[in-house]
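K.L.:
Below: one structure in structure tokens.
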Amino acid sequence: MKKKVVPGLILSITLLALLWTTACGSMGAQDGVSQQKVKVARGDLTVSVTGNGKIETSREARLTFGSAGRVAEILVEEGDEVKSGDLLARLDTSSLELAETQAQLSLTQAEVALVQAQIAGQMAEYNLKNTRDSEDALKMALLNAQINVDTAEYSLSIAEETHTWPALKIAEADVEKAEAFLQYALDKGMELLVLRAQAELTAAEAQYDAIVQGYDPEEVAIKKKQVEVAEMSLAQAQKNLDKLAEDIAMQELQVASAAQAVEQAQQSADLASLSLDEAQRQLDEATIIAPFDGVVAMVLVKEGDIMPSPSMAPQAVVQLIDPSSLELVIEVDEIDIPLVGLGQEAVVTVDALPDADFQGVITAVHPVPKEVGGVVLYNVRIDLDAPKNIGIKVGMSASADIVAEKHENVLMVPSRAVDKNDQGQTIVKVMENEEIQERVVVVGLDDGLRAEIVSGLEEGETVVYEVRVKSASMSMF
């Protein structure tokens, strides 16, 4: 892992090194080993991961036509700046425009047919409703006709009982019988019997006269005709009701047929709409529109070229990039990648602009590595914050120092001053009263040069450590 100290820390370390060189110095060299001493001081400690890579753009598009055809116009050149929505290229659309017009006409015809079918369906339902509503009226007419028949038959029976011919004959026979009885009494000269016979004759004649006066054969005939008329009305009412059932069945079929016609018309309209959408889609896809503000990186075809169907062999026409949306893609060793995470800050240096540092933020860590020369590397994407006209171009080489961890204003000692005792405890050697003593400490962050002391030491104490030297001379850690 390559660890770096940020510029502020470098300055602090430089000042401390000067301090150690002037104030502390060597405690002596023996057998190629020199003891160095340094005071415990505070500073900022940063662990960073370095990687190299190329400048890329986070917004790039290789634009293609969505349909086949002949290229009619290329409206841009490489290097042109374009705005979102600008027309970049188009195919010859004459045949597509004709197809769209035909599809629009078919849709209009299908929609008219649908409206007509819906109207026919509504009329069929209306007629069925009216026919069903008339059923009660016909049933009432049938009931009234039955009542009329019964009434006419009853009137006829009364008339026939009142004006019966046999009753007239019986009354006439009674008169004749009474006359014969009177004649018999007269012939016998029996005065009392004559009086009785005269009385019976008078009564029989009165009965006969009453029947004769009340008998009306024309009334009976009329009553009979009334019965016939009522029976004919009853039969007609029954026929009307029976025909109504047939009409309802027929109109129900008409309603069902109208519903099917509406469904078919709707399907035709839907199909025509899909055809129009497809025609419009092909017409739209016969043009290339800039999806975002950017710069034309490449134009890959020329006017007059025949473009194949994109479903068979899609061919890029224009490559568009957004130069204002830059990112650096670096390679990080597998040993360092656990220290790298989303949102971490990075300091980016572009090889072509060595005097400038740019800030960046990690936006992606690729989960799948690649192996180069036996080394496992992971791609890390860093969003680059750089002025628009600073001169950074896509493809430039750059490096980044990713801030993996940073502790500010902490106690620090040289990493070489930290050691282990026989019990495995972490220790440093401290100068106390001109004597060197071991002190157990807790170590925090370590950048390879400096180690953070979490506990066990105080600021200003002197730490002693040994370094190997080629000669007995003072050296810096």
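The chains in the structure tokens are called A, B, ... from first to last as shown; in each chain the residues are counted from 1, and the ligands are counted from 1 in the order shown.
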Env of Val418 in chain A: 10 Å cut, atoms = only C-alpha atoms, seq-sep filter 2 positions within chain, self excluded. Answer as a ChimeraX atom specification.
P.N.:
/A:413-416,420,426-429,440-443,450-451,453,463-465
K.L.:
Write a file of the selected residues as a PDB file, in the first residue's frame, keeping C-alpha atoms.
P.N.:
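out10.pdb was written with the following content:
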```
ATOM      1  CA  VAL A 413       5.806   9.821  17.229  1.00  0.00           C
ATOM      2  CA  PRO A 414       7.917   8.267  14.487  1.00  0.00           C
ATOM      3  CA  SER A 415       6.546   4.886  13.465  1.00  0.00           C
ATOM      4  CA  ARG A 416      10.026   3.408  14.114  1.00  0.00           C
ATOM      5  CA  LYS A 420       6.666  -4.682  21.205  1.00  0.00           C
ATOM      6  CA  THR A 426       2.964  -2.012  22.371  1.00  0.00           C
ATOM      7  CA  ILE A 427       5.666   0.197  23.840  1.00  0.00           C
ATOM      8  CA  VAL A 428       7.882   3.201  23.207  1.00  0.00           C
ATOM      9  CA  LYS A 429      11.094   4.162  24.988  1.00  0.00           C
ATOM     10  CA  VAL A 440       3.136   0.938  27.290  1.00  0.00           C
ATOM     11  CA  VAL A 441       1.073   2.923  24.793  1.00  0.00           C
ATOM     12  CA  VAL A 442      -2.052   2.622  22.628  1.00  0.00           C
ATOM     13  CA  VAL A 443      -1.401   3.362  18.952  1.00  0.00           C
ATOM     14  CA  ARG A 450       4.211   8.656  11.907  1.00  0.00           C
ATOM     15  CA  ALA A 451       2.099   6.816  14.450  1.00  0.00           C
ATOM     16  CA  ILE A 453      -0.454   7.818  20.216  1.00  0.00           C
ATOM     17  CA  VAL A 463      10.938   9.420  22.870  1.00  0.00           C
ATOM     18  CA  VAL A 464      14.112   7.465  22.053  1.00  0.00           C
ATOM     19  CA  TYR A 465      14.459   4.961  19.230  1.00  0.00           C
TER      20      TYR A 465
END
```
K.L.:
Among the residues of range 184-386 of chain A, find those DSSP assigns to strand (DSSP E or B) from the backbone and print them as a ChimeraX atom specification.
P.N.:
/A:287-289,294-299,306-307,316-321,326-333,345-350,353-365,370-372,375-385
K.L.:
Which residue, A:Ala386, A:Arg281, A:Phe358, A:Val262, has the smallest gap to Ile119 in chain A when you use only C-alpha atoms?
P.N.:
A:Val262
K.L.:
Do a neighbour search on range 193-200 of chain A at 7 Å with only C-alpha atoms, toss out local chain neighbours closer than 3 positions, and write the hits as JSON, numbers by chain.
P.N.:
{"A": [178, 181, 182, 185, 186, 190, 203, 204]}
K.L.:
Using only C-alpha atoms, please write the residues we just selected to a file, as a PDB file, in the first residue's frame.
P.N.:
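Final output, saved to result34.pdb:
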```
ATOM      1  CA  ALA A 178    -156.495 -23.120 -19.354  1.00  0.00           C
ATOM      2  CA  PHE A 181    -160.355 -26.407 -19.024  1.00  0.00           C
ATOM      3  CA  LEU A 182    -162.676 -23.375 -19.305  1.00  0.00           C
ATOM      4  CA  ALA A 185    -166.436 -26.245 -17.428  1.00  0.00           C
ATOM      5  CA  LEU A 186    -168.829 -24.403 -19.730  1.00  0.00           C
ATOM      6  CA  MET A 190    -170.616 -26.083 -13.694  1.00  0.00           C
ATOM      7  CA  ALA A 203    -153.288 -16.088 -15.111  1.00  0.00           C
ATOM      8  CA  ALA A 204    -151.819 -18.181 -17.968  1.00  0.00           C
TER       9      ALA A 204
END
```
K.L.:
Using only C-alpha atoms, determine which residues lie at most 7 Å from Asn409 in chain A, disregarding the query and same-chain residues fewer than 3 positions distant; provide the list as number ranges by chain.
P.N.:
A: 42-44
K.L.:
Counting only C-alpha atoms, what is within 12 Å of Met312 in chain A, bar same-chain residues fewer than 2 positions away, as a short mmCIF file (atom, residue, chain, number, x, y, z; two decimals) with C-alpha atoms, in the first residue's frame?
P.N.:
```cif
data_model
loop_
_atom_site.label_atom_id
_atom_site.label_comp_id
_atom_site.auth_asym_id
_atom_site.auth_seq_id
_atom_site.Cartn_x
_atom_site.Cartn_y
_atom_site.Cartn_z
CA GLY A 66 -33.74 3.81 -34.49
CA SER A 67 -34.68 2.71 -38.00
CA ALA A 68 -33.02 1.80 -41.27
CA MET A 307 -28.00 2.56 -42.35
CA PRO A 308 -29.00 -1.05 -41.57
CA SER A 309 -31.84 -1.95 -39.27
CA PRO A 310 -30.72 -1.37 -35.67
CA PRO A 314 -26.81 -1.13 -34.84
CA GLN A 315 -24.29 1.46 -36.03
#
```
K.L.:
Do you have the CA of Val299 in chain A-CA of Val76 in chain A distance handy?
P.N.:
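Rounded to one decimal, the two atoms are 7.9 Å apart.
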K.L.:
Using only C-alpha atoms, can you tell me which of A:Ala117, A:Leu138, A:Ile288, A:Ser311 comes closest to Ala256 in chain A?
P.N.:
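Smallest separation from Ala256 in chain A among the options: A:Ala117.
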K.L.:
At what distance in Å, to one decimal, does CA of Tyr154 in chain A lie from CA of Lys239 in chain A?
P.N.:
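Answer for the CA of Lys239 in chain A to CA of Tyr154 in chain A separation: 24.2 Å.
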K.L.:
Considering only C-alpha atoms, state which residue in the set A:Thr46, A:Gln36, A:Thr131, A:Thr287 is at the smallest distance from Glu73 in chain A.
P.N.:
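The answer is A:Thr287, which sits nearest to Glu73 in chain A.
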K.L.:
Just the number, please: distance in Å from CA of Gly79 in chain A to CA of Val317 in chain A, one decimal.
P.N.:
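Calculated distance between CA of Gly79 in chain A and CA of Val317 in chain A is 14.6 Å.
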